[in-house]
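Student: Next up is a structure, given as structure tokens.
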Amino acid sequence: MPSLLRDRPASTPEMLAVFGDEALLKAALTFEAQLALAQGELGLIPPADAEAIAAACAQSFDVTELAEAAAHAGTLAIPLVERLRARMAPSEAAARVHKGATSQDLADTALMLQAREGAALIRRDAARLADALAVLAREHRSTPMLGRTLLQAALPITFGLKVSTWLSGVVGALERFERETSAIRLQLGGATGSRAGLDGQGAALAERLAERLDLHPALPWHAERQGLAGLASALAILTGAVGKIAGDVALMAQVEVGEAFEPRQAGRGGSSAMAHKRNPTGCQVALSAAIRAPHLATTIVSALPQQHERGLGGWQAEAPALADLFQLAHGALTAMLVVIKGLEVDAARMGANLAAAQVGTDTGESQALVDQALTAYEKDR
């Protein structure tokens, strides 16, 4: 069973719901219903049968029982289609459930329906984080502080310059993610990707079904998976960009540095053994995600060499990893959004640390660079 005690601290209720059992089952049933309705419109099956199949798909199934059956069968599609047909028996329409489709069509398209919803959450909250960073950069464009290289005192910068680099990282990663969402598309190829059994109307059916599902139409991609690899990599890069912010804030929050702190929230950031501590919990969430995400993306990249027309083991490894990537990315984004919007900046301590380093006060072109970064951000919004 899903573990909220494990998963909730790393993600959000919204994203966990998007990739939860009920959402997956709903997406699978939506695929079967819309497949039938599209086939009915094209005359591939009688319209009355299409309506009957859609009505059968409107009722859910017991998730626990279905999960056990899917584990036994090796795929969700087999027991789901069996149960839909049994629900409709003894009508002739029962035999027309899943016509021309294969298990991977259902699995991939259901995953894409979930990814579409997940992408909307990522897009929304990455934009919110970028907006908050722009506000912070503007507020501190001229606040002097010590720049650090190789974790040691270097030369003066402004805090606004540091924040503007955070902003550029998030914006660039979000732009990459937007490009890679082109992978969120329909899968419909049938048993071997040839769209057999569709009376020569496979292309028309794919167009009609994609429109009904609000997904991009595509040629069958059963064994051609670089789109998913790109999407996974973009999620990992975005998580890493957020992790960069978290790492800097956490270092600045160390007692001996004391330059910036997460906002105070009752019951958050304490210690079960040391009452005096103020732990950077939001940064912890983002850094943990940034450690896990690259390995999940690597799993999907590693699955690229899939055998023949539909591989064994490769595509089956993708969905859990992609779900985790969406969940971790959204958890990191929302955690750091709270941190940045409420960040407590101690400008006096920044000045004191800069003075103690004895490296002068010339911040170079920091303020001009901040202005350039903000102008570019505002222009591209």
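A note on labels: chains of the structure tokens are A, B, ... as shown, every chain counts residues from 1, and ligands are counted from 1 in their shown order.
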Which residues are near range 193-203 of chain A? Cut-off 9 Å, only C-alpha atoms, ignore same chain within fewer than 4 positions. Put them as a PDB file with N, CA and C atoms, in the first residue's frame.

Tutor:
```pdb
ATOM      1  N   GLN A  39     -13.857   5.068 -31.571  1.00  0.00           N
ATOM      2  CA  GLN A  39     -14.126   4.010 -32.540  1.00  0.00           C
ATOM      3  C   GLN A  39     -15.579   4.031 -32.997  1.00  0.00           C
ATOM      4  N   LEU A  42     -16.042   6.632 -35.652  1.00  0.00           N
ATOM      5  CA  LEU A  42     -15.460   6.275 -36.951  1.00  0.00           C
ATOM      6  C   LEU A  42     -16.111   5.051 -37.567  1.00  0.00           C
ATOM      7  N   LEU A  44     -15.924   2.012 -36.402  1.00  0.00           N
ATOM      8  CA  LEU A  44     -15.163   0.789 -36.144  1.00  0.00           C
ATOM      9  C   LEU A  44     -15.938  -0.170 -35.247  1.00  0.00           C
ATOM     10  N   LYS A  99     -10.607  -2.848 -28.313  1.00  0.00           N
ATOM     11  CA  LYS A  99     -10.404  -3.277 -29.703  1.00  0.00           C
ATOM     12  C   LYS A  99      -9.195  -2.568 -30.319  1.00  0.00           C
ATOM     13  N   GLY A 100      -8.288  -3.366 -30.866  1.00  0.00           N
ATOM     14  CA  GLY A 100      -7.136  -2.833 -31.583  1.00  0.00           C
ATOM     15  C   GLY A 100      -6.030  -2.276 -30.710  1.00  0.00           C
ATOM     16  N   ALA A 101      -6.231  -2.282 -29.395  1.00  0.00           N
ATOM     17  CA  ALA A 101      -5.224  -1.726 -28.478  1.00  0.00           C
ATOM     18  C   ALA A 101      -4.442  -2.850 -27.813  1.00  0.00           C
ATOM     19  N   LEU A 188      -0.853   4.740 -29.149  1.00  0.00           N
ATOM     20  CA  LEU A 188      -1.827   3.817 -29.738  1.00  0.00           C
ATOM     21  C   LEU A 188      -1.179   3.123 -30.924  1.00  0.00           C
ATOM     22  N   GLY A 189      -0.754   1.891 -30.691  1.00  0.00           N
ATOM     23  CA  GLY A 189      -0.088   1.140 -31.761  1.00  0.00           C
ATOM     24  C   GLY A 189      -0.582  -0.269 -31.941  1.00  0.00           C
ATOM     25  N   GLU A 207      -5.858  10.261 -34.168  1.00  0.00           N
ATOM     26  CA  GLU A 207      -6.188  11.692 -34.160  1.00  0.00           C
ATOM     27  C   GLU A 207      -7.438  11.957 -33.334  1.00  0.00           C
ATOM     28  N   ARG A 208      -8.456  11.142 -33.549  1.00  0.00           N
ATOM     29  CA  ARG A 208      -9.722  11.346 -32.834  1.00  0.00           C
ATOM     30  C   ARG A 208      -9.551  11.086 -31.333  1.00  0.00           C
ATOM     31  N   LEU A 219       2.916   8.923 -33.624  1.00  0.00           N
ATOM     32  CA  LEU A 219       3.143   7.578 -34.117  1.00  0.00           C
ATOM     33  C   LEU A 219       3.383   6.662 -32.922  1.00  0.00           C
ATOM     34  N   PRO A 220       3.154   5.366 -33.067  1.00  0.00           N
ATOM     35  CA  PRO A 220       3.414   4.457 -31.935  1.00  0.00           C
ATOM     36  C   PRO A 220       4.862   4.578 -31.458  1.00  0.00           C
ATOM     37  N   TRP A 221       5.042   4.642 -30.158  1.00  0.00           N
ATOM     38  CA  TRP A 221       6.384   4.802 -29.589  1.00  0.00           C
ATOM     39  C   TRP A 221       6.682   3.735 -28.529  1.00  0.00           C
ATOM     40  N   HIS A 222       6.148   2.545 -28.739  1.00  0.00           N
ATOM     41  CA  HIS A 222       6.326   1.453 -27.778  1.00  0.00           C
ATOM     42  C   HIS A 222       7.793   1.201 -27.420  1.00  0.00           C
ATOM     43  N   ALA A 223       8.654   1.213 -28.407  1.00  0.00           N
ATOM     44  CA  ALA A 223      10.067   0.917 -28.159  1.00  0.00           C
ATOM     45  C   ALA A 223      10.963   2.113 -28.454  1.00  0.00           C
ATOM     46  N   GLU A 309       9.870  -4.761 -30.933  1.00  0.00           N
ATOM     47  CA  GLU A 309       8.725  -3.851 -31.043  1.00  0.00           C
ATOM     48  C   GLU A 309       8.136  -3.469 -29.695  1.00  0.00           C
ATOM     49  N   ARG A 310       8.415  -4.223 -28.664  1.00  0.00           N
ATOM     50  CA  ARG A 310       8.037  -3.853 -27.294  1.00  0.00           C
ATOM     51  C   ARG A 310       8.934  -4.630 -26.359  1.00  0.00           C
TER      52      ARG A 310
END
```

Student: Give me the residues within 9 Å of Leu37 in chain A as JSON, numbers by chain, counting only C-alpha atoms and dropping any in the same chain fewer than 3 places off.

Tutor: {"A": [32, 33, 34, 40, 41, 42, 45, 47, 49, 50, 51, 53, 54, 209, 212]}

Student: Ranking A:Gln59, A:Gln306, A:Thr192, A:Ser103 by minimum distance to Leu84 in chain A and counting only C-alpha atoms, which one comes first?

Tutor: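 Smallest distance to Leu84 in chain A is found for A:Gln59.
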
Student: From a DSSP calculation on the backbone, collect every residue of range 156-215 of chain A in alpha helix (DSSP H) and output the set as a PyMOL selection string.

Tutor: chain A and resi 159-180+202-213

Student: When you count only C-alpha atoms, which of these residues is closest to Leu66 in chain A: A:Leu328, A:Leu80, A:Glu175, A:Ala376?

Tutor: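 Looking only at the distances to Leu66 in chain A, the closest residue turns out to be A:Leu80.
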
Student: Please provide the set of residues having any atom within 9 Å of Ile300 in chain A, restricted to only C-alpha atoms, with same-chain residues fewer than 4 positions apart removed, written as a VMD selection string.

Tutor: chain A and resid 225 to 226 228 to 229 232 to 233 295 to 296 304 314 to 315 317 to 319 321 to 322
